[in-house]
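This report refers to the structure that appears directly beneath it.
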Amino acid sequence: MAPLIEARDLTKKYGAHVALDRANLKVEAGRIVGLIGPNGAGKTSALRAILGLTNYEGQLTVLGREPFRDRTQLMSECCFIADVAVLPSWLRVDQAIDFVAGVHPRFRRDRAAALLAKTQITGKRRMRELSKGMKTQVHLALTMAIDAKLLVLDEPTLGLDILARRAFYDALVNDYMDETRTILITTHQVEEVENLLTDIVFIDKGRIVLDTSLEDVATRFIAVAVTADRLDAARAEKPFYERHTLGKVVLYFENVDRAKLSAYGELHTPSVADLFVAKLSGGAA
Amino acid sequence: MNTDIWLIRREFWENRAIWLIPAVFGGLLIIAALFGRVDIPTMTPGSHGQEASGIFLLAIGVMFYLVMSLYAAWYLLDCLYTDRKDRSILFWKSLPISDVKTVLSKLLVGMVLVPLVYFVAADVTALITAFILTIRARASIGSALWQPEVWGQVQILWMYVILTTAVWYLPVAGWLMLVSAWAKRAVILWSMLPPLVLYLIERVFFGTQVIGHVLNRRLVGLPAVAYKGWTHEGNVNFDGHTPISVWHFIDAGGFFSNPQTWIGVAVGVVLIIAAIQLRMRRSEI
């Protein structure tokens with residue numbers, strides 16, 4: 001089966017600034033992919049290109065279509081939430097449901113109604129009267145009622161408190177995700193999404209620096225906590241990053257034999273956040 | 001087709017001023033008719049009655065037309081800007097609606113549906129005020145205001161006014177929408193500044209006023225093109241026709257065979273295409 005998203009040499013320039021620099025990316029169906037990168041790394045540009053919101057150079061297909069040319073058709077099979085706060089303030093909840101039901105062929109009204117029935121939100125309320133958490137619930141109800149093959153989330157929980165953030169991700173995993181769907185998500189709060197991701201993509205300075213599944217992370221990357229006396233010997237195995245903590249140095253290795261490394265100290269699989277720091281700082285060093 | 005109806009409904013949800021302003025304005029005129037001084041000279045029946053009825057209806061029509069022009073200009077200038085300002089464009093763009101449809105629905109609302117709302121409001125206001133004035137003024141003008149023939153002709157005139165206004169002001173509408181799709185802030189300033197600067201540059205450096213004349217003719221030149229007997233002093237010359245009929249000064253043939261009409265339409269189409277392109281491509285909000 002062809003990948004759901006395939007980007008080849010995807011490039012986006014704003015004048016002299018290169019936001020995406022020949023980025024390559026593949027996303028298979030049924031995955032939950034985290035697109036992770038520092039500010040200004042090109043995350044939003046990549047998402048905008050994938051959603052057909054901007055033109056680009058290079059090759060890009062999403063659900064077999066060219067996003068910029070076929071945005072309208074693409075949006076009938078794909079949906080996105082780019083920051084939850086974007087529902088217009090004048091819109092009433094019942095109007096929002098009527099409108100989406102009117103224009104979206106895959107919207108299931110009963111499902112949106114069922115999701116909203118679980119909340120305190122009534123149909124006559126306008127968005128401006130709702131708290132940020134409630135707006136999220138409305139937006140999520142609208143989105144989850146769409147039978148989309150691809151859901152794109154761009155910093156979906158920005159500005160939400162921890163309760164609302166947790167509720168958002170729980171709903172996503174429990175009520176939404178199944179094998180027919182694919183989710184692409186960007187966020188700063190890596191720790192928060194770590195357990196729900198199946199794949200991670202690191203992006204830095206417009207380039208994809210890592211694109212792997214989480215299962216592969218466990219076999220490919222090893223962090224070793226090394227004591228000072230064994231440090232030089234361990235360094236000979238060429239770690240790509242060192243992190244100095246209290247009394248110990250953690251060395252990060254890629255594709256190095258486990259048996260060999262266990263001689264230098266305690267092994268563990270780095271968390272996504274640690275790996276992110278290691279990969280991006282290591283690359284710069 | 002279905003999508004188009006929802007898009008138009010959406011505009012009426014968002015812009016309640018479309019019907020609130022004419023409703024309030026009509027209400028004020030009705031209050032004036034109720035409590036204002038009625039000081040209309042006694043008239044003899046016959047052609048004087050037609051004249052009184054015609055002047056009465058035209059006065060109300062012109063007032064509504066002026067308010068409508070201001071509102072429609074504001075609406076068009078605002079329509080592609082507010083959703084970028086509050087970022088709700090990201091919600092609208094997550095739905096399978098093409099930018100062509102979005103822009104054209106707003107053009108249709110601003111140039112046709114808003115004028116139709118004002119036309120209905122003007123008619124209702126005229127009916128109610130005529131009724132009030134008839135009771136208050138008793139015999140003096142009572143019968144003079146109720147001339148079915150004149151009322152019928154004014155309806156025709158309104159339709160002609162809406163049609164010619166939409167065609168003649170298409171380049172103005174296109175320009176306002178282009179600014180609306182482009183400007184990051186201060187849409188009113190940006191809508192006026194470029195024409196003003198061009199006018200001044202031409203005047204200072206070339207000593208001519210071609211741009212000024214073109215703009216002036218476009219903004220206030222519609223009556224001269226669309227009506228017969230329109231003198232430069234701004235008076236209508238009825239050529240001594242009695243009884244007066246709208247057919248004596250509606251000049252549809254002249255309007256639609258005037259090259260200026262079609263040059264304007266061509267410019268308008270180009271500007272609207274540009275606005276659509278900007279709506280599609282503008283990657284930063």
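Residue names in the structure tokens use chain letters A, B, ... in the order shown, residue numbers from 1 in each chain, and ligand numbers from 1 in the order shown.
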Can you list every residue of chain B that has an atom at most 8 Å from chain A, with its nearest atom pair and the distance in Å to one decimal, using only C-alpha atoms, ordered by chain then number, as CSV?
```
residue,atom,partner,partner_atom,distance
B:Asn2,CA,A:Gly102,CA,7.0
B:Thr3,CA,A:Val103,CA,5.1
B:Trp6,CA,A:Phe99,CA,6.3
B:Arg10,CA,A:Phe99,CA,7.6
B:Trp13,CA,A:Leu91,CA,7.5
B:Glu14,CA,A:Trp90,CA,6.2
B:Asp83,CA,A:Pro88,CA,7.4
B:Asp86,CA,A:Val86,CA,7.0
B:Arg87,CA,A:Val86,CA,5.5
B:Ser88,CA,A:Val86,CA,4.4
B:Ile89,CA,A:Val86,CA,7.6
B:Leu90,CA,A:Ala82,CA,6.5
B:Phe91,CA,A:Val86,CA,6.2
B:Lys93,CA,A:Leu53,CA,7.9
B:Ser94,CA,A:Cys79,CA,5.7
B:Leu95,CA,A:Met75,CA,5.6
B:Pro96,CA,A:Thr72,CA,4.5
B:Ile97,CA,A:Thr72,CA,5.5
B:Ser98,CA,A:Thr72,CA,5.3
B:Met280,CA,A:Leu53,CA,6.9
B:Arg281,CA,A:Thr54,CA,5.4
B:Arg282,CA,A:Thr54,CA,7.0
B:Ser283,CA,A:Thr54,CA,5.3
```
Inset, instruction - Just give me the gap between atom CA of Thr261 of chain B and atom CA of Leu278 of chain B in Å, one decimal is fine. - result: 25.8 Å
Inset, instruction - Might you pull out every residue within 7 Å of segment 40-42 of chain A, with only C-alpha atoms counted and same-chain residues fewer than 6 positions away left off, and present them as a ChimeraX atom specification? - result: /A:19-20,203-206
Write out the residues from the selection above, keeping C-alpha atoms, as an mmCIF file, in the first residue's frame.
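Written output follows (again16.cif):
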```
data_model
loop_
_atom_site.group_PDB
_atom_site.id
_atom_site.type_symbol
_atom_site.label_atom_id
_atom_site.label_comp_id
_atom_site.auth_asym_id
_atom_site.auth_seq_id
_atom_site.Cartn_x
_atom_site.Cartn_y
_atom_site.Cartn_z
ATOM 1 C CA ALA A 19 11.755 27.002 6.021
ATOM 2 C CA LEU A 20 11.888 23.519 4.500
ATOM 3 C CA ILE A 203 12.812 18.178 12.134
ATOM 4 C CA ASP A 204 15.557 20.766 12.469
ATOM 5 C CA LYS A 205 16.470 23.724 10.279
ATOM 6 C CA GLY A 206 14.045 22.580 7.619
#
```
Legend entry - In segment 58-176 of chain A, DSSP alpha helix (DSSP H) residues written as a ChimeraX atom specification: /A:71-74,93-103,109-117,132-144,162-171
Please, could you write that set of residues out with N, CA and C atoms as a CSV table (one decimal), in the first residue's frame?
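Ended up saving to out_4.csv:
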```
chain,number,residue,atom,x,y,z
A,71,ARG,N,-6.8,20.9,-2.6
A,71,ARG,CA,-7.1,21.1,-1.2
A,71,ARG,C,-8.5,20.7,-0.9
A,72,THR,N,-9.5,21.2,-1.7
A,72,THR,CA,-10.9,21.0,-1.5
A,72,THR,C,-11.2,19.5,-1.4
A,73,GLN,N,-10.7,18.7,-2.3
A,73,GLN,CA,-11.0,17.3,-2.3
A,73,GLN,C,-10.3,16.6,-1.1
A,74,LEU,N,-9.1,17.1,-0.9
A,74,LEU,CA,-8.3,16.5,0.2
A,74,LEU,C,-9.0,16.7,1.5
A,93,VAL,N,-22.7,27.1,18.7
A,93,VAL,CA,-22.4,25.6,18.7
A,93,VAL,C,-23.3,24.9,17.7
A,94,ASP,N,-24.6,25.2,17.7
A,94,ASP,CA,-25.5,24.5,16.8
A,94,ASP,C,-25.3,25.0,15.4
A,95,GLN,N,-24.9,26.2,15.2
A,95,GLN,CA,-24.5,26.7,13.8
A,95,GLN,C,-23.3,25.9,13.3
A,96,ALA,N,-22.3,25.8,14.2
A,96,ALA,CA,-21.1,25.1,13.8
A,96,ALA,C,-21.4,23.7,13.3
A,97,ILE,N,-22.3,23.0,14.1
A,97,ILE,CA,-22.7,21.6,13.7
A,97,ILE,C,-23.5,21.6,12.4
A,98,ASP,N,-24.4,22.5,12.2
A,98,ASP,CA,-25.2,22.6,11.0
A,98,ASP,C,-24.3,22.9,9.8
A,99,PHE,N,-23.4,23.8,10.0
A,99,PHE,CA,-22.5,24.2,8.9
A,99,PHE,C,-21.6,23.0,8.4
A,100,VAL,N,-20.9,22.4,9.4
A,100,VAL,CA,-20.1,21.3,9.0
A,100,VAL,C,-20.9,20.1,8.4
A,101,ALA,N,-22.1,19.9,9.0
A,101,ALA,CA,-22.9,18.8,8.4
A,101,ALA,C,-23.3,19.2,7.0
A,102,GLY,N,-23.5,20.5,6.8
A,102,GLY,CA,-23.9,20.9,5.4
A,102,GLY,C,-22.9,20.8,4.4
A,103,VAL,N,-21.6,21.0,4.8
A,103,VAL,CA,-20.6,21.1,3.7
A,103,VAL,C,-19.7,19.9,3.7
A,109,ARG,N,-23.5,13.7,12.1
A,109,ARG,CA,-24.1,14.6,13.1
A,109,ARG,C,-24.4,13.9,14.4
A,110,ASP,N,-24.9,12.7,14.4
A,110,ASP,CA,-25.3,12.0,15.6
A,110,ASP,C,-24.1,11.8,16.5
A,111,ARG,N,-22.9,11.6,15.9
A,111,ARG,CA,-21.7,11.4,16.6
A,111,ARG,C,-21.3,12.7,17.3
A,112,ALA,N,-21.3,13.8,16.6
A,112,ALA,CA,-21.0,15.1,17.2
A,112,ALA,C,-21.9,15.4,18.4
A,113,ALA,N,-23.2,15.1,18.1
A,113,ALA,CA,-24.2,15.4,19.2
A,113,ALA,C,-23.9,14.5,20.4
A,114,ALA,N,-23.6,13.3,20.2
A,114,ALA,CA,-23.3,12.4,21.3
A,114,ALA,C,-22.1,12.9,22.1
A,115,LEU,N,-21.1,13.3,21.4
A,115,LEU,CA,-19.9,13.8,22.0
A,115,LEU,C,-20.1,15.1,22.9
A,116,LEU,N,-21.0,15.9,22.3
A,116,LEU,CA,-21.3,17.2,23.0
A,116,LEU,C,-22.2,17.0,24.2
A,117,ALA,N,-23.0,15.9,24.1
A,117,ALA,CA,-24.0,15.6,25.2
A,117,ALA,C,-23.2,15.3,26.4
A,132,LYS,N,-11.6,28.3,27.0
A,132,LYS,CA,-10.7,27.6,26.1
A,132,LYS,C,-10.9,26.1,26.1
A,133,GLY,N,-11.1,25.5,27.3
A,133,GLY,CA,-11.3,24.1,27.4
A,133,GLY,C,-12.6,23.7,26.7
A,134,MET,N,-13.6,24.5,26.8
A,134,MET,CA,-14.9,24.1,26.2
A,134,MET,C,-14.8,24.2,24.7
A,135,LYS,N,-14.1,25.3,24.2
A,135,LYS,CA,-13.9,25.4,22.7
A,135,LYS,C,-13.2,24.2,22.2
A,136,THR,N,-12.2,23.7,22.9
A,136,THR,CA,-11.5,22.5,22.5
A,136,THR,C,-12.5,21.3,22.4
A,137,GLN,N,-13.4,21.2,23.4
A,137,GLN,CA,-14.3,20.1,23.3
A,137,GLN,C,-15.2,20.2,22.1
A,138,VAL,N,-15.6,21.5,21.8
A,138,VAL,CA,-16.5,21.7,20.6
A,138,VAL,C,-15.7,21.3,19.3
A,139,HIS,N,-14.5,21.8,19.2
A,139,HIS,CA,-13.7,21.6,18.0
A,139,HIS,C,-13.4,20.1,17.9
A,140,LEU,N,-13.1,19.5,19.0
A,140,LEU,CA,-12.8,18.0,19.0
A,140,LEU,C,-14.0,17.2,18.6
A,141,ALA,N,-15.2,17.6,19.1
A,141,ALA,CA,-16.4,16.9,18.7
A,141,ALA,C,-16.7,17.0,17.2
A,142,LEU,N,-16.5,18.3,16.7
A,142,LEU,CA,-16.7,18.5,15.3
A,142,LEU,C,-15.7,17.6,14.5
A,143,THR,N,-14.5,17.6,14.9
A,143,THR,CA,-13.5,16.8,14.2
A,143,THR,C,-13.6,15.3,14.3
A,144,MET,N,-14.0,14.9,15.5
A,144,MET,CA,-14.0,13.4,15.7
A,144,MET,C,-15.3,12.8,15.0
A,162,ILE,N,-3.6,21.7,32.3
A,162,ILE,CA,-3.2,20.3,32.2
A,162,ILE,C,-4.4,19.3,32.2
A,163,LEU,N,-5.5,19.7,32.8
A,163,LEU,CA,-6.7,18.9,32.8
A,163,LEU,C,-7.3,18.8,31.4
A,164,ALA,N,-7.4,19.9,30.7
A,164,ALA,CA,-8.0,20.0,29.4
A,164,ALA,C,-7.0,19.2,28.4
A,165,ARG,N,-5.7,19.4,28.6
A,165,ARG,CA,-4.8,18.7,27.7
A,165,ARG,C,-4.9,17.2,27.9
A,166,ARG,N,-5.0,16.7,29.1
A,166,ARG,CA,-5.1,15.3,29.3
A,166,ARG,C,-6.4,14.8,28.7
A,167,ALA,N,-7.5,15.5,28.9
A,167,ALA,CA,-8.8,15.1,28.4
A,167,ALA,C,-8.8,15.0,26.9
A,168,PHE,N,-8.1,16.0,26.3
A,168,PHE,CA,-7.9,16.0,24.8
A,168,PHE,C,-7.3,14.7,24.3
A,169,TYR,N,-6.1,14.4,24.9
A,169,TYR,CA,-5.4,13.2,24.4
A,169,TYR,C,-6.1,11.9,24.7
A,170,ASP,N,-6.8,11.9,25.9
A,170,ASP,CA,-7.5,10.7,26.2
A,170,ASP,C,-8.6,10.4,25.2
A,171,ALA,N,-9.3,11.5,24.9
A,171,ALA,CA,-10.4,11.4,23.9
A,171,ALA,C,-9.9,10.9,22.5
```
Legend entry - Spatial neighbours of Arg243 of chain A, 10 Å, only C-alpha atoms, chain gap at least 5 places, as a list in words: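 Counting only C-alpha atoms, the residues come to Ala223, Ala225, Lys248, Val249, Val250, Leu251, Tyr252, Asp274, Val277 and Ala278 of chain A.
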File dump, residues just selected, N, CA and C atoms, as a PDB file, in the first residue's frame:
```pdb
ATOM      1  N   ALA A 223      21.104   4.681  25.683  1.00  0.00           N
ATOM      2  CA  ALA A 223      21.763   5.648  26.547  1.00  0.00           C
ATOM      3  C   ALA A 223      22.483   4.870  27.641  1.00  0.00           C
ATOM      4  N   ALA A 225      24.619   5.287  31.247  1.00  0.00           N
ATOM      5  CA  ALA A 225      25.086   6.136  32.339  1.00  0.00           C
ATOM      6  C   ALA A 225      26.479   5.643  32.739  1.00  0.00           C
ATOM      7  N   LYS A 248      27.543  11.693  37.049  1.00  0.00           N
ATOM      8  CA  LYS A 248      27.578  10.721  35.957  1.00  0.00           C
ATOM      9  C   LYS A 248      27.536  11.442  34.625  1.00  0.00           C
ATOM     10  N   VAL A 249      27.943  10.706  33.607  1.00  0.00           N
ATOM     11  CA  VAL A 249      27.795  11.219  32.253  1.00  0.00           C
ATOM     12  C   VAL A 249      26.944  10.208  31.497  1.00  0.00           C
ATOM     13  N   VAL A 250      25.890  10.715  30.851  1.00  0.00           N
ATOM     14  CA  VAL A 250      25.077   9.812  30.040  1.00  0.00           C
ATOM     15  C   VAL A 250      25.531   9.948  28.590  1.00  0.00           C
ATOM     16  N   LEU A 251      25.900   8.821  28.021  1.00  0.00           N
ATOM     17  CA  LEU A 251      26.342   8.826  26.627  1.00  0.00           C
ATOM     18  C   LEU A 251      25.244   8.211  25.760  1.00  0.00           C
ATOM     19  N   TYR A 252      25.028   8.784  24.615  1.00  0.00           N
ATOM     20  CA  TYR A 252      23.985   8.304  23.700  1.00  0.00           C
ATOM     21  C   TYR A 252      24.636   7.682  22.474  1.00  0.00           C
ATOM     22  N   ASP A 274      14.508  13.031  25.618  1.00  0.00           N
ATOM     23  CA  ASP A 274      15.969  12.948  25.717  1.00  0.00           C
ATOM     24  C   ASP A 274      16.598  12.753  24.347  1.00  0.00           C
ATOM     25  N   VAL A 277      16.636  16.008  22.406  1.00  0.00           N
ATOM     26  CA  VAL A 277      17.719  16.901  22.828  1.00  0.00           C
ATOM     27  C   VAL A 277      19.053  16.368  22.311  1.00  0.00           C
ATOM     28  N   ALA A 278      19.261  15.043  22.505  1.00  0.00           N
ATOM     29  CA  ALA A 278      20.525  14.439  22.102  1.00  0.00           C
ATOM     30  C   ALA A 278      20.759  14.584  20.604  1.00  0.00           C
TER      31      ALA A 278
END
```
